[in-house]
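Shown here: final00.cif, mmCIF, C-alpha atoms.
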```
data_structure
#
loop_
_atom_site.label_atom_id
_atom_site.label_comp_id
_atom_site.auth_asym_id
_atom_site.auth_seq_id
_atom_site.Cartn_x
_atom_site.Cartn_y
_atom_site.Cartn_z
CA MET A 293 -64.99 103.23 -10.03
CA PRO A 294 -61.50 101.66 -9.75
CA TRP A 295 -59.89 101.83 -6.31
CA LEU A 296 -56.84 103.74 -7.57
CA LEU A 297 -58.98 106.42 -9.19
CA ARG A 298 -61.11 106.78 -6.04
CA MET A 299 -58.05 107.29 -3.86
CA THR A 300 -56.51 109.75 -6.35
CA LEU A 301 -59.74 111.78 -6.32
CA LEU A 302 -59.75 111.75 -2.51
CA VAL A 303 -56.21 113.14 -2.46
CA SER A 304 -57.29 115.75 -5.03
CA LEU A 305 -60.09 116.89 -2.76
CA LEU A 306 -57.78 117.10 0.26
CA MET A 307 -55.36 119.37 -1.59
CA ALA A 308 -58.10 121.53 -3.17
CA PRO A 309 -58.28 124.18 -0.38
CA ALA A 310 -54.51 124.70 -0.57
CA VAL A 311 -54.63 124.89 -4.39
CA ILE A 312 -57.45 127.47 -4.33
CA TYR A 313 -55.62 129.55 -1.72
CA LEU A 314 -52.35 129.47 -3.67
CA VAL A 315 -53.97 130.30 -7.03
CA TRP A 316 -55.56 133.35 -5.41
CA ARG A 317 -52.42 134.41 -3.56
CA VAL A 318 -50.07 133.95 -6.55
CA ASN A 319 -52.50 135.81 -8.80
CA VAL A 320 -52.74 138.77 -6.40
CA SER A 321 -48.98 138.90 -5.85
CA ALA A 322 -48.30 138.68 -9.59
CA ARG A 323 -50.65 141.60 -10.30
CA GLN A 324 -48.95 143.67 -7.61
CA LEU A 325 -45.50 142.93 -8.98
CA LEU A 326 -46.05 142.51 -12.71
CA GLY A 327 -49.23 144.42 -13.42
CA GLY A 328 -51.58 143.00 -16.04
CA SER A 329 -49.10 140.73 -17.76
CA ALA A 330 -49.81 137.17 -18.83
CA TRP A 331 -47.77 135.94 -15.88
CA SER A 332 -50.24 137.49 -13.48
CA LYS A 333 -53.32 136.30 -15.33
CA HIS A 334 -52.45 132.82 -16.52
CA ILE A 335 -49.04 131.21 -16.26
CA LEU A 336 -48.29 130.75 -12.55
CA PRO A 337 -51.87 129.89 -11.55
CA ALA A 338 -51.96 127.47 -14.49
CA VAL A 339 -48.86 125.70 -13.15
CA VAL A 340 -50.63 125.07 -9.84
CA CYS A 341 -53.87 123.96 -11.52
CA SER A 342 -52.00 121.63 -13.89
CA PHE A 343 -51.38 119.23 -11.01
CA TYR A 344 -55.00 118.16 -11.52
CA LEU A 345 -54.45 116.89 -15.08
CA PHE A 346 -53.93 113.32 -13.87
CA PRO A 347 -57.23 112.89 -11.96
CA LEU A 348 -59.12 115.02 -14.51
CA ILE A 349 -58.07 112.83 -17.44
CA GLY A 350 -58.88 109.77 -15.31
CA ILE A 351 -62.44 110.98 -14.67
CA ILE A 352 -63.05 111.79 -18.34
CA ASP A 353 -61.60 108.46 -19.44
CA PHE A 354 -63.71 106.56 -16.91
CA TYR A 355 -66.86 108.44 -17.92
CA PHE A 356 -66.48 107.49 -21.58
CA SER A 357 -64.91 104.02 -21.29
CA GLY A 358 -66.40 102.77 -18.01
CA ASP A 359 -63.14 101.15 -16.94
CA ILE A 360 -59.60 102.52 -16.74
CA ASP A 361 -56.14 101.62 -15.46
CA LEU A 362 -54.25 104.66 -14.17
CA LEU A 363 -51.04 102.63 -14.08
CA LYS A 364 -51.11 102.54 -17.89
CA TYR A 365 -51.18 106.33 -18.15
CA PRO A 366 -47.98 108.22 -19.11
CA LYS A 367 -45.73 108.25 -16.05
CA PRO A 368 -45.04 112.01 -16.15
CA LEU A 369 -48.75 112.65 -15.45
CA ALA A 370 -48.62 110.59 -12.25
CA TYR A 371 -45.29 112.03 -11.13
CA TRP A 372 -46.53 115.58 -11.72
CA PHE A 373 -49.70 115.03 -9.66
CA TRP A 374 -47.93 113.53 -6.64
CA PHE A 375 -45.14 116.09 -6.81
CA GLY A 376 -47.91 118.70 -6.83
CA LEU A 377 -49.39 117.32 -3.62
CA LEU A 378 -46.10 117.87 -1.79
CA PHE A 379 -45.30 121.20 -3.44
CA VAL A 380 -48.74 122.66 -2.77
CA PHE A 381 -48.77 121.87 0.95
CA GLN A 382 -45.21 123.04 1.50
CA LEU A 383 -45.76 126.25 -0.43
CA ALA A 384 -49.07 126.88 1.37
CA THR A 385 -47.26 126.60 4.72
CA TRP A 386 -44.69 129.26 3.85
CA VAL A 387 -47.17 131.53 2.09
CA LEU A 388 -49.35 131.46 5.20
CA VAL A 389 -46.32 132.49 7.26
CA ALA A 390 -45.58 135.29 4.79
CA ASP A 391 -49.18 136.47 4.93
CA LEU A 392 -49.07 136.46 8.71
CA ALA A 393 -45.86 138.50 8.68
CA LYS A 394 -47.44 140.96 6.25
CA GLY A 395 -50.47 141.29 8.52
CA ILE A 396 -48.25 142.08 11.50
CA THR A 397 -46.57 144.93 9.59
CA ARG A 398 -49.98 146.62 9.32
CA PHE A 399 -49.65 147.54 13.00
CA PHE A 400 -46.58 149.64 12.22
CA SER A 401 -46.22 152.83 10.22
CA TRP A 402 -44.43 151.21 7.27
CA ASP A 403 -45.40 152.12 3.71
CA PRO A 404 -48.22 149.65 2.76
CA ARG A 405 -47.43 149.79 -0.97
CA ARG A 406 -43.77 149.10 -0.36
CA MET A 407 -44.63 146.18 1.93
CA ASP A 408 -47.00 144.79 -0.72
CA ARG A 409 -44.19 144.76 -3.27
CA ILE A 410 -41.78 143.11 -0.81
CA HIS A 411 -44.44 140.53 0.02
CA ALA A 412 -45.11 139.83 -3.68
CA ARG A 413 -41.38 139.29 -4.33
CA LEU A 414 -41.23 136.95 -1.34
CA ILE A 415 -44.13 134.88 -2.71
CA PHE A 416 -42.33 134.45 -6.04
CA MET A 417 -39.07 133.56 -4.31
CA LEU A 418 -40.89 130.96 -2.19
CA PHE A 419 -42.51 129.53 -5.32
CA VAL A 420 -39.15 129.02 -7.06
CA VAL A 421 -37.21 127.79 -4.00
CA ILE A 422 -39.85 125.33 -2.78
CA PHE A 423 -40.52 124.07 -6.31
CA SER A 424 -36.82 123.32 -6.76
CA TYR A 425 -36.35 121.83 -3.29
CA THR A 426 -39.42 119.59 -3.53
CA GLY A 427 -38.34 118.24 -6.91
CA TRP A 428 -34.85 117.44 -5.64
CA LYS A 429 -36.14 115.83 -2.43
CA VAL A 430 -38.75 113.71 -4.23
CA TYR A 431 -36.08 112.39 -6.60
CA ARG A 432 -33.65 111.70 -3.76
CA ASP A 433 -36.14 110.00 -1.45
CA THR A 434 -37.59 107.91 -4.27
CA THR A 435 -34.35 106.66 -5.83
CA ARG A 436 -31.86 106.49 -2.94
CA VAL A 437 -31.78 103.28 -0.89
CA ALA A 438 -30.97 104.07 2.73
CA VAL A 439 -29.32 101.64 5.15
CA GLU A 440 -30.66 101.59 8.69
CA ASN A 441 -28.28 100.03 11.22
CA ILE A 442 -29.66 98.89 14.56
CA THR A 443 -27.73 97.30 17.40
CA LEU A 444 -30.10 95.10 19.36
CA PRO A 445 -29.19 93.80 22.83
CA VAL A 446 -30.49 90.26 23.41
CA GLU A 447 -30.62 88.59 26.79
CA ASP A 448 -28.67 85.31 27.19
CA LEU A 449 -27.34 85.54 23.63
CA PRO A 450 -24.99 82.60 22.91
CA GLU A 451 -21.45 83.34 21.74
CA PRO A 452 -22.04 82.17 18.12
CA LEU A 453 -24.76 84.83 17.75
CA HIS A 454 -22.65 87.77 18.94
CA GLY A 455 -22.58 90.20 16.01
CA PHE A 456 -25.13 88.12 14.05
CA LYS A 457 -26.74 90.32 11.36
CA VAL A 458 -30.44 90.01 10.55
CA ALA A 459 -31.33 92.00 7.42
CA HIS A 460 -34.95 93.08 7.28
CA ILE A 461 -36.53 94.20 3.99
CA SER A 462 -40.14 94.51 2.89
CA ASP A 463 -42.61 95.61 0.20
CA ILE A 464 -40.61 95.22 -2.99
CA GLN A 465 -43.88 95.83 -4.92
CA GLY A 466 -42.70 94.96 -8.43
CA ASP A 467 -44.78 96.76 -11.09
CA GLU A 468 -44.50 99.32 -13.93
CA TYR A 469 -42.68 101.74 -11.64
CA THR A 470 -40.53 99.30 -9.68
CA GLY A 471 -38.88 97.11 -12.28
CA ARG A 472 -35.87 94.83 -12.51
CA GLN A 473 -33.38 97.69 -12.29
CA GLU A 474 -34.87 99.15 -9.11
CA ILE A 475 -35.24 95.77 -7.40
CA SER A 476 -31.71 94.72 -8.38
CA GLY A 477 -30.32 97.94 -6.95
CA TYR A 478 -32.20 97.32 -3.70
CA ILE A 479 -30.85 93.77 -3.46
CA ARG A 480 -27.30 94.94 -4.25
CA LYS A 481 -27.51 97.34 -1.33
CA LEU A 482 -28.78 94.45 0.81
CA ASN A 483 -25.91 92.17 -0.20
CA GLU A 484 -23.34 94.89 0.54
CA GLN A 485 -24.28 94.54 4.22
CA ASN A 486 -23.13 90.88 4.32
CA PRO A 487 -26.12 89.69 6.36
CA ASP A 488 -26.26 86.35 8.15
CA LEU A 489 -30.02 86.09 7.65
CA VAL A 490 -32.50 87.92 5.40
CA ILE A 491 -36.18 88.26 6.29
CA PHE A 492 -38.66 89.75 3.82
CA THR A 493 -42.01 90.77 5.31
CA GLY A 494 -44.24 90.56 2.26
CA ASP A 495 -45.60 92.23 -0.89
CA LEU A 496 -43.35 90.98 -3.66
CA ILE A 497 -45.55 92.64 -6.30
CA SER A 498 -48.18 95.40 -6.46
CA TYR A 499 -50.97 93.60 -8.31
CA GLY A 500 -51.72 90.71 -10.66
CA THR A 501 -49.16 88.12 -11.69
CA ASP A 502 -47.34 89.89 -14.56
CA PHE A 503 -44.42 90.92 -12.36
CA VAL A 504 -44.17 87.91 -10.06
CA ASP A 505 -41.42 86.03 -11.94
CA MET A 506 -39.37 89.15 -12.64
CA SER A 507 -39.56 90.30 -9.02
CA ALA A 508 -38.74 86.86 -7.64
CA ARG A 509 -35.72 86.43 -9.92
CA ALA A 510 -34.33 89.83 -8.97
CA PHE A 511 -35.01 89.17 -5.28
CA GLY A 512 -33.46 85.71 -5.63
CA LYS A 513 -30.02 87.33 -5.95
CA ALA A 514 -30.14 88.15 -2.23
CA LYS A 515 -27.38 86.37 -0.32
CA ALA A 516 -27.17 85.42 3.34
CA ARG A 517 -25.15 82.78 5.20
CA HIS A 518 -28.21 81.25 6.83
CA GLY A 519 -30.84 81.76 4.15
CA VAL A 520 -33.53 84.11 2.89
CA TYR A 521 -37.09 83.81 4.20
CA ALA A 522 -40.36 85.59 3.42
CA VAL A 523 -43.94 85.91 4.64
CA VAL A 524 -47.14 86.66 2.71
CA GLY A 525 -48.14 90.28 2.05
CA ASP A 526 -51.51 91.74 1.10
CA HIS A 527 -50.68 92.06 -2.60
CA ASP A 528 -49.16 88.58 -2.65
CA TYR A 529 -52.39 87.20 -1.25
CA TRP A 530 -54.56 89.09 -3.76
CA ALA A 531 -52.36 88.03 -6.69
CA GLY A 532 -52.44 84.40 -5.55
CA THR A 533 -50.16 83.04 -2.85
CA ALA A 534 -49.48 79.83 -4.77
CA ALA A 535 -47.95 81.68 -7.75
CA VAL A 536 -45.83 83.88 -5.47
CA LYS A 537 -44.66 80.89 -3.42
CA GLN A 538 -43.66 78.91 -6.50
CA ALA A 539 -41.68 81.84 -7.94
CA LEU A 540 -39.92 82.46 -4.62
CA ASN A 541 -39.10 78.77 -4.15
CA GLU A 542 -37.58 78.65 -7.64
CA ALA A 543 -35.46 81.65 -6.63
CA GLY A 544 -34.27 79.85 -3.50
CA ILE A 545 -36.45 81.78 -1.04
CA SER A 546 -38.69 80.05 1.49
CA LEU A 547 -42.19 81.51 1.94
CA LEU A 548 -43.56 80.76 5.41
CA GLU A 549 -47.32 80.51 5.78
CA ASP A 550 -48.24 80.12 9.45
CA GLU A 551 -45.23 77.97 10.23
CA ASN A 552 -41.98 77.82 12.16
CA ILE A 553 -38.60 77.08 10.68
CA GLY A 554 -35.44 76.17 12.53
CA ILE A 555 -32.24 77.86 11.35
CA PRO A 556 -29.01 76.20 12.53
CA VAL A 557 -26.33 78.73 13.44
CA ASP A 558 -23.66 76.24 14.51
CA SER A 559 -23.54 72.79 16.08
CA SER A 560 -24.86 74.06 19.42
CA SER A 561 -27.15 77.01 18.60
CA PHE A 562 -30.15 77.50 16.37
CA ALA A 563 -32.70 80.22 15.68
CA VAL A 564 -36.43 79.88 15.08
CA MET A 565 -38.40 82.10 12.74
CA THR A 566 -42.18 82.17 13.02
CA GLY A 567 -43.83 83.35 9.82
CA VAL A 568 -47.50 84.34 10.17
CA THR A 569 -49.93 85.42 7.44
CA GLU A 570 -51.55 88.63 8.69
CA VAL A 571 -53.15 90.56 5.82
CA TYR A 572 -56.43 92.37 5.19
CA SER A 573 -58.08 89.40 3.49
CA GLN A 574 -56.81 86.71 5.87
CA ARG A 575 -56.39 87.54 9.51
CA SER A 576 -54.32 85.10 11.50
CA ASN A 577 -56.03 82.56 13.76
CA PRO A 578 -55.19 83.32 17.44
CA GLU A 579 -55.01 79.62 18.31
CA THR A 580 -52.65 78.95 15.41
CA VAL A 581 -50.42 81.86 16.38
CA ASP A 582 -50.23 80.76 20.02
CA SER A 583 -49.50 77.19 18.97
CA LEU A 584 -46.66 78.31 16.68
CA SER A 585 -45.26 80.64 19.33
CA ARG A 586 -45.37 77.94 21.98
CA ARG A 587 -43.60 75.44 19.73
CA ALA A 588 -40.74 77.87 19.11
CA GLY A 589 -39.41 76.59 22.44
CA ASP A 590 -36.13 77.79 23.89
CA ALA A 591 -34.23 78.64 20.73
CA ALA A 592 -31.17 80.85 21.04
CA LEU A 593 -32.91 83.45 18.85
CA LYS A 594 -36.64 83.74 18.23
CA ILE A 595 -37.94 85.98 15.44
CA PHE A 596 -41.61 86.68 14.73
CA ALA A 597 -42.40 87.94 11.21
CA SER A 598 -45.67 89.07 9.61
CA HIS A 599 -46.68 91.60 6.99
CA GLN A 600 -48.95 93.57 9.30
CA VAL A 601 -48.64 93.91 13.04
CA ASN A 602 -51.40 94.16 15.64
CA ASP A 603 -51.86 93.94 19.40
CA ARG A 604 -52.85 90.26 19.30
CA LEU A 605 -49.63 89.25 17.58
CA ILE A 606 -47.58 91.47 19.84
CA ASP A 607 -49.11 89.93 22.96
CA SER A 608 -48.36 86.41 21.73
CA ALA A 609 -44.76 87.31 20.87
CA ILE A 610 -44.20 88.88 24.30
CA LYS A 611 -45.86 85.98 26.10
CA HIS A 612 -43.58 83.44 24.44
CA GLY A 613 -40.36 85.39 24.78
CA TYR A 614 -39.55 86.39 21.21
CA ASP A 615 -36.42 88.44 20.71
CA MET A 616 -37.88 90.61 17.94
CA MET A 617 -40.92 91.16 15.75
CA LEU A 618 -40.53 92.24 12.10
CA ALA A 619 -43.21 93.68 9.79
CA GLY A 620 -43.72 95.99 6.82
CA HIS A 621 -46.91 97.08 5.02
CA THR A 622 -46.72 100.84 5.74
CA HIS A 623 -43.82 101.74 3.41
CA GLY A 624 -42.65 103.93 6.28
CA GLY A 625 -45.48 106.30 5.40
CA GLN A 626 -44.12 106.52 1.80
CA ILE A 627 -45.43 110.05 1.17
CA ARG A 628 -45.12 111.99 4.39
CA VAL A 629 -46.72 115.31 3.49
CA PRO A 630 -45.20 118.28 5.33
CA PHE A 631 -47.63 120.98 6.45
CA MET A 632 -47.23 123.62 9.16
CA GLY A 633 -44.14 121.96 10.60
CA MET A 634 -45.69 118.49 10.83
CA ASP A 635 -45.65 115.36 8.65
CA PHE A 636 -48.83 113.54 7.67
CA SER A 637 -49.19 110.13 6.02
CA ALA A 638 -52.04 107.74 5.35
CA SER A 639 -50.29 104.97 7.30
CA GLU A 640 -50.55 106.94 10.54
CA ARG A 641 -54.35 106.74 10.28
CA GLU A 642 -54.14 102.93 10.32
CA THR A 643 -51.42 102.00 12.80
CA ASP A 644 -49.06 103.35 15.45
CA TYR A 645 -46.22 101.28 13.96
CA VAL A 646 -45.19 103.14 10.80
CA SER A 647 -41.41 103.14 10.44
CA GLY A 648 -38.34 102.10 12.39
CA LEU A 649 -37.90 100.51 15.80
CA TYR A 650 -40.56 100.44 18.52
CA TRP A 651 -40.59 98.78 21.92
CA GLU A 652 -43.54 97.12 23.62
CA GLY A 653 -42.23 96.05 27.00
CA THR A 654 -39.28 93.78 26.31
CA LEU A 655 -40.24 93.18 22.66
CA PRO A 656 -38.55 95.21 19.90
CA ILE A 657 -40.83 95.72 16.88
CA HIS A 658 -39.27 96.82 13.63
CA ILE A 659 -41.16 98.20 10.62
CA ASN A 660 -39.21 98.38 7.37
CA ASN A 661 -39.89 101.11 4.77
CA GLY A 662 -39.58 98.67 1.86
CA LEU A 663 -38.83 99.65 -1.72
CA GLY A 664 -41.97 100.06 -3.84
CA PHE A 665 -45.15 102.08 -3.91
CA THR A 666 -48.84 102.02 -3.18
CA LEU A 667 -51.08 104.59 -4.87
CA GLY A 668 -48.41 107.23 -5.66
CA PRO A 669 -45.15 106.32 -7.49
CA ILE A 670 -42.95 108.55 -5.32
CA ARG A 671 -41.56 108.71 -1.79
CA TYR A 672 -41.03 111.67 0.50
CA ASN A 673 -39.43 111.57 3.96
CA ALA A 674 -39.61 107.77 3.77
CA PRO A 675 -36.86 106.51 1.44
CA PRO A 676 -36.48 102.86 0.43
CA THR A 677 -34.61 101.17 3.26
CA VAL A 678 -32.53 98.09 3.98
CA THR A 679 -32.38 97.46 7.73
CA VAL A 680 -29.54 95.59 9.39
CA ILE A 681 -30.16 94.44 12.97
CA GLU A 682 -26.92 93.40 14.64
CA LEU A 683 -27.31 91.26 17.76
CA GLN A 684 -25.22 91.88 20.83
CA PRO A 685 -25.39 90.33 24.31
CA LYS A 686 -27.50 92.31 26.75
#
```
Translate this structure into structure tokens?
Amino acid sequence: MPWLLRMTLLVSLLMAPAVIYLVWRVNVSARQLLGGSAWSKHILPAVVCSFYLFPLIGIIDFYFSGDIDLLKYPKPLAYWFWFGLLFVFQLATWVLVADLAKGITRFFSWDPRRMDRIHARLIFMLFVVIFSYTGWKVYRDTTRVAVENITLPVEDLPEPLHGFKVAHISDIQGDEYTGRQEISGYIRKLNEQNPDLVIFTGDLISYGTDFVDMSARAFGKAKARHGVYAVVGDHDYWAGTAAVKQALNEAGISLLEDENIGIPVDSSSFAVMTGVTEVYSQRSNPETVDSLSRRAGDAALKIFASHQVNDRLIDSAIKHGYDMMLAGHTHGGQIRVPFMGMDFSASERETDYVSGLYWEGTLPIHINNGLGFTLGPIRYNAPPTVTVIELQPK
């Protein structure tokens, strides 16, 4: 069974208890408020159940054909399923609160029938309000590119680097959902920040090689005074690093594979970027990493970049006095599902470094949200982000 279908089915199973609970609750409330009308028997429960059309069609298709590609399915089916995931968990949270409040009223001498009608109206109001809010928020978080500004104090920072802007982006993930228009908009937002240096921490495309050239050309419009540099991401590695590297080089972007590069800032100062390949299918060699870190020397600015981050890389960067570590991979959580006042995302099950700025001792570690998608073609509470790190003397 294809990986994408397996993961979609897993998500379907996780949301099933909430779906069952909501179908029951909406049905009961509708009968109390509307009697035996079609609304109570079919329509609202059918809306909730319709979120399963995407995985259901996928299972049937796979059963008869033996091989499917969910990315080729009509986009509204995918959008509706992932919207449903967010809507169902948010609605379940508030319906549980309403049920709890209704239960508390049982201890008082209020008219039970009257309270049932009030409760039923509340359930319908919650359905409409949360449906509308979730739709608006999904659209906003998926299409709006946010700018994250960070002022980073650096010890012994030379005068030419005061106010130096390092732009960090990641996970462009060019594919059917993230095309030329989306990537170009992301790069326009990047260029509006007038960065001195741009660092891209991997995943130019989502899969295969069909979108490599398009993504590289759109990314190639990025502008920075001291160049644009990239490291290898998981999907780049799976698609073929050689093809990705050639496309990026033709676009004027240097792809670093376990190597250092010196970046002159002026006649007296230079920065060193260490680009390490750290992906699922090719873990970095500790000896290679230490050798690269050691050879970075006493540069005015030392930047460590990799697609994924782990304790071994962090320890090496701290040991050799790097000024910052940059990574991506998590998409900032991408779909941070709200439930009972908390946010949950798959990325949090894998790493403690999900989104934004972290500190390990003296080392700042930044994780960029990126632009594109993995698994679901939407974002929630993790919008596409361009990060600008402005250096100041400590």
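In this model, the gap between CA of Arg409 in chain A and CA of Leu392 in chain A comes to 15.4 Å.
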Legend entry - Closest of A:Leu683, A:Lys594, A:Thr666, A:Cys341 to Pro309 in chain A - atom-to-atom distances counting all atoms listed in the file: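 That would be A:Cys341, the residue with the smallest distance to Pro309 in chain A.
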Legend entry - Test item: residues at most 12 Å from range 424-432 of chain A, all atoms listed in the file, excluding those fewer than 6 positions along its chain, as a PyMOL selection string: chain A and resi 371-372+374-383+417-418+438+626-630+668-676
Coordinates of box centre and edge lengths for range 527-534 of chain A, 8 Å on every side, axis-aligned, as lines of an AutoDock Vina configuration file:
```
center_x = -51.9
center_y = 85.9
center_z = -4.0
size_x = 21.4
size_y = 28.2
size_z = 21.4
```
Inset, instruction - One decimal, Å: what's the distance from CA of Lys457 in chain A over to CA of Tyr478 in chain A, could you say? - result: 17.5 Å
Inset, instruction - Using only C-alpha atoms, find all polymer residues with an atom at most 12 Å away from the point (-55.3, 85.0, 8.1); report them as a list in words. - result: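 Returned residue set, sorted by chain then number, is Val523, Val524, Gly525, Asp526, Tyr529, Glu549, Asp550, Gly567, Val568, Thr569, Glu570, Val571, Tyr572, Ser573, Gln574, Arg575, Ser576, Asn577, Pro578, Glu579, Thr580, Val581, Ser598, His599, Gln600 and Leu605 of chain A.
For the pair CA of Val536 in chain A and CA of Ala638 in chain A, the interatomic distance is 26.9 Å.
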Legend entry - Within 8 Å of Gly620 in chain A using only C-alpha atoms, minus same-chain residues under 5 positions, as a PyMOL selection string: chain A and resi 461-463+493-494+598-600+659-662
Show me the residues around (-58.8, 101.1, -13.2) - criterion: an atom at most 8 Å away, all atoms listed in the file counted - as an mmCIF file with C-alpha atoms, keeping the file's coordinate frame.
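Below you can see point-v3.cif, which holds the result:
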```cif
data_model
loop_
_atom_site.group_PDB
_atom_site.id
_atom_site.type_symbol
_atom_site.label_atom_id
_atom_site.label_comp_id
_atom_site.auth_asym_id
_atom_site.auth_seq_id
_atom_site.Cartn_x
_atom_site.Cartn_y
_atom_site.Cartn_z
ATOM 1 C CA MET A 293 -64.990 103.230 -10.030
ATOM 2 C CA PRO A 294 -61.500 101.660 -9.750
ATOM 3 C CA TRP A 295 -59.890 101.830 -6.310
ATOM 4 C CA LEU A 296 -56.840 103.740 -7.570
ATOM 5 C CA LEU A 297 -58.980 106.420 -9.190
ATOM 6 C CA ASP A 359 -63.140 101.150 -16.940
ATOM 7 C CA ILE A 360 -59.600 102.520 -16.740
ATOM 8 C CA ASP A 361 -56.140 101.620 -15.460
ATOM 9 C CA LEU A 362 -54.250 104.660 -14.170
ATOM 10 C CA LEU A 363 -51.040 102.630 -14.080
#
```
Inset, instruction - Name the residues that the PyMOL selection byres ((chain A and resi 489-491) around 9) pulls out of this structure, and write them as a list in words. - result: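 Checked against the file, the PyMOL selection byres ((chain A and resi 489-491) around 9) matches Phe456, Lys457, Val458, Ala459, His460, Ile461, Ser462, Leu482, Pro487, Asp488, Phe492, Thr493, Ala514, Lys515, Ala516, Arg517, His518, Gly519, Val520, Tyr521, Ala522, Val523, Ala597 and Leu618 of chain A.
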Inset, instruction - Considering all atoms listed in the file, state which residue in the set A:Ala310, A:Leu325, A:Leu369, A:Ala508 is at the smallest distance from Val387 in chain A. - result: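 Closest candidate: A:Ala310.
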Legend entry - Polymer residues at most 12 Å from Asp644 in chain A, only C-alpha atoms, same-chain spacing of 3 or more positions, as a VMD selection string: chain A and resid 600 to 603 622 624 to 625 637 to 641 647 to 652 657 to 659
Atoms to include: C-alpha atoms. Write the selected residues as a PDB file, in the coordinates of the input.
```pdb
ATOM      1  CA  GLN A 600     -48.950  93.570   9.300  1.00  0.00           C
ATOM      2  CA  VAL A 601     -48.640  93.910  13.040  1.00  0.00           C
ATOM      3  CA  ASN A 602     -51.400  94.160  15.640  1.00  0.00           C
ATOM      4  CA  ASP A 603     -51.860  93.940  19.400  1.00  0.00           C
ATOM      5  CA  THR A 622     -46.720 100.840   5.740  1.00  0.00           C
ATOM      6  CA  GLY A 624     -42.650 103.930   6.280  1.00  0.00           C
ATOM      7  CA  GLY A 625     -45.480 106.300   5.400  1.00  0.00           C
ATOM      8  CA  SER A 637     -49.190 110.130   6.020  1.00  0.00           C
ATOM      9  CA  ALA A 638     -52.040 107.740   5.350  1.00  0.00           C
ATOM     10  CA  SER A 639     -50.290 104.970   7.300  1.00  0.00           C
ATOM     11  CA  GLU A 640     -50.550 106.940  10.540  1.00  0.00           C
ATOM     12  CA  ARG A 641     -54.350 106.740  10.280  1.00  0.00           C
ATOM     13  CA  SER A 647     -41.410 103.140  10.440  1.00  0.00           C
ATOM     14  CA  GLY A 648     -38.340 102.100  12.390  1.00  0.00           C
ATOM     15  CA  LEU A 649     -37.900 100.510  15.800  1.00  0.00           C
ATOM     16  CA  TYR A 650     -40.560 100.440  18.520  1.00  0.00           C
ATOM     17  CA  TRP A 651     -40.590  98.780  21.920  1.00  0.00           C
ATOM     18  CA  GLU A 652     -43.540  97.120  23.620  1.00  0.00           C
ATOM     19  CA  ILE A 657     -40.830  95.720  16.880  1.00  0.00           C
ATOM     20  CA  HIS A 658     -39.270  96.820  13.630  1.00  0.00           C
ATOM     21  CA  ILE A 659     -41.160  98.200  10.620  1.00  0.00           C
TER      22      ILE A 659
END
```
Using the chain letters and numbers from this file, what does the PyMOL selection byres ((chain A and resi 542) around 12) select? Give the answer as a PDB file with C-alpha atoms, keeping the file's coordinate frame.
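Written output follows (selection_25.pdb):
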```pdb
ATOM      1  CA  VAL A 504     -44.170  87.910 -10.060  1.00  0.00           C
ATOM      2  CA  ASP A 505     -41.420  86.030 -11.940  1.00  0.00           C
ATOM      3  CA  MET A 506     -39.370  89.150 -12.640  1.00  0.00           C
ATOM      4  CA  SER A 507     -39.560  90.300  -9.020  1.00  0.00           C
ATOM      5  CA  ALA A 508     -38.740  86.860  -7.640  1.00  0.00           C
ATOM      6  CA  ARG A 509     -35.720  86.430  -9.920  1.00  0.00           C
ATOM      7  CA  ALA A 510     -34.330  89.830  -8.970  1.00  0.00           C
ATOM      8  CA  PHE A 511     -35.010  89.170  -5.280  1.00  0.00           C
ATOM      9  CA  GLY A 512     -33.460  85.710  -5.630  1.00  0.00           C
ATOM     10  CA  LYS A 513     -30.020  87.330  -5.950  1.00  0.00           C
ATOM     11  CA  ALA A 535     -47.950  81.680  -7.750  1.00  0.00           C
ATOM     12  CA  VAL A 536     -45.830  83.880  -5.470  1.00  0.00           C
ATOM     13  CA  LYS A 537     -44.660  80.890  -3.420  1.00  0.00           C
ATOM     14  CA  GLN A 538     -43.660  78.910  -6.500  1.00  0.00           C
ATOM     15  CA  ALA A 539     -41.680  81.840  -7.940  1.00  0.00           C
ATOM     16  CA  LEU A 540     -39.920  82.460  -4.620  1.00  0.00           C
ATOM     17  CA  ASN A 541     -39.100  78.770  -4.150  1.00  0.00           C
ATOM     18  CA  ALA A 543     -35.460  81.650  -6.630  1.00  0.00           C
ATOM     19  CA  GLY A 544     -34.270  79.850  -3.500  1.00  0.00           C
ATOM     20  CA  ILE A 545     -36.450  81.780  -1.040  1.00  0.00           C
ATOM     21  CA  SER A 546     -38.690  80.050   1.490  1.00  0.00           C
ATOM     22  CA  LEU A 547     -42.190  81.510   1.940  1.00  0.00           C
TER      23      LEU A 547
END
```
Inset, instruction - Excluding Val311 in chain A and residues on its chain fewer than 4 positions from it, collect all residues at most 7 Å away from it, counting only C-alpha atoms, and give them as JSON, numbers by chain. - result: {"A": [307, 315, 340, 380]}
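You can rank A:Pro368, A:Gly358, A:Gly500, A:Pro656 by their closest distance to Ala619 in chain A using all atoms listed in the file, and at the top of that list sits A:Pro656.
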Inset, instruction - Name the residues that the PyMOL selection byres ((chain A and resi 441) around 7) pulls out of this structure, and write them as number ranges by chain. - result: A: 439-440, 442-443, 679-681
Legend entry - For range 317-321 of chain A: contacts at 9 Å, all atoms listed in the file, fewer than 4 positions along chain excluded, given as a list of chain:residue names: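 Once the nearby chain positions are removed, what remains is A:Ile312, A:Tyr313, A:Leu325, A:Leu326, A:Trp331, A:Ser332, A:Lys333, A:His334, A:Leu336, A:Pro337, A:Val387, A:Asp408, A:Arg409, A:His411, A:Ala412, A:Arg413, A:Ile415, A:Phe416, A:Phe419.
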